[in-house]
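Undergrad: Starting off with a structure, shown below.
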Amino acid sequence: IEHSSQFYCYPAVKMYIKVIEYNGLDVLIVNVPESNNKPHAVVLNNNNLSPEKDNRVYIRLKDKSVIASKEVTKVLEGKRADSPPLQIKIGWLEKLLMGYLEKNERITIAQFRSLANISQRRASRCLVHLVRAGVIRIFTDEGEDYYTLS
């Protein structure tokens with residue numbers, strides 16, 4: 001387990017393992033504390049030790065592990081201690097989004113793109129900045145992410 005954590009996760013996942021005996025069998029107790037180095041990615045190509053490209057970031061959704069969206073991954077990266085400070089400005093795009101969310105419960109990236117007539121990349125960047133600032137919240141559904149006011 002420790003070897004797999006070091007070899008197939010980037011950055012490596014810290015854990016504490018204890019072996020106890022129960023009814024004549026060895027039982028492993030694995031404690032994985034919350035990390036300050038999120039996100040951790042499954043390394044699919046050992047020559048490429050970074051969470052981008054072909055590696056996958058997973059999050060827990062109830063009792064399942066699901067692949068995190070690019071936006072969730074960016075939000076997690078923004079929470080790291082070594083990430084650059086957040087700088088945000090409120091312009092017409094952010095005001096349009098806030099107005100929509102005041103009248104509607106939630107919005108997806110596709111809906112936001114259509115509403116503002118902007119690219120996927122711009123919509124994603126705007127939403128990630130607002131999540132990091134605590135203005136909106138991101139929720140992961142099995143189909144796609146959606147956003148609500150905080």
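Letters A, B, ... go to the chains of the structure tokens in the order shown; residues in each chain start at 1; ligands are counted from 1 in the same order.
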Step one, run DSSP on the backbone; step two, keep only residues of chain A assigned to strand (DSSP E or B); then write them as a PyMOL selection string.
TA: chain A and resi 9-10+16-22+25-31+41-42+56-61+64-67+107+136-140+145-149
Undergrad: Which residues are near segment 77-83 of chain A? Cut-off 7 Å, only C-alpha atoms, ignore same chain within fewer than 6 positions. Put them as a ChimeraX atom specification.
TA: /A:36-39,132
Undergrad: Compare A:Val75, A:Val43, A:Val27, A:Ile118 by their minimum atom-to-atom distance to Cys9 of chain A, counting only C-alpha atoms, and give me the closest one.
TA: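 Of A:Val75, A:Val43, A:Val27, A:Ile118, the one nearest Cys9 of chain A, counting only C-alpha atoms, is A:Val43.
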Undergrad: Please identify which residues in segment 55-121 of chain A DSSP calls alpha helix (DSSP H) from the backbone, and express them as a ChimeraX atom specification.
TA: /A:70-78,92-103,109-116,120-121
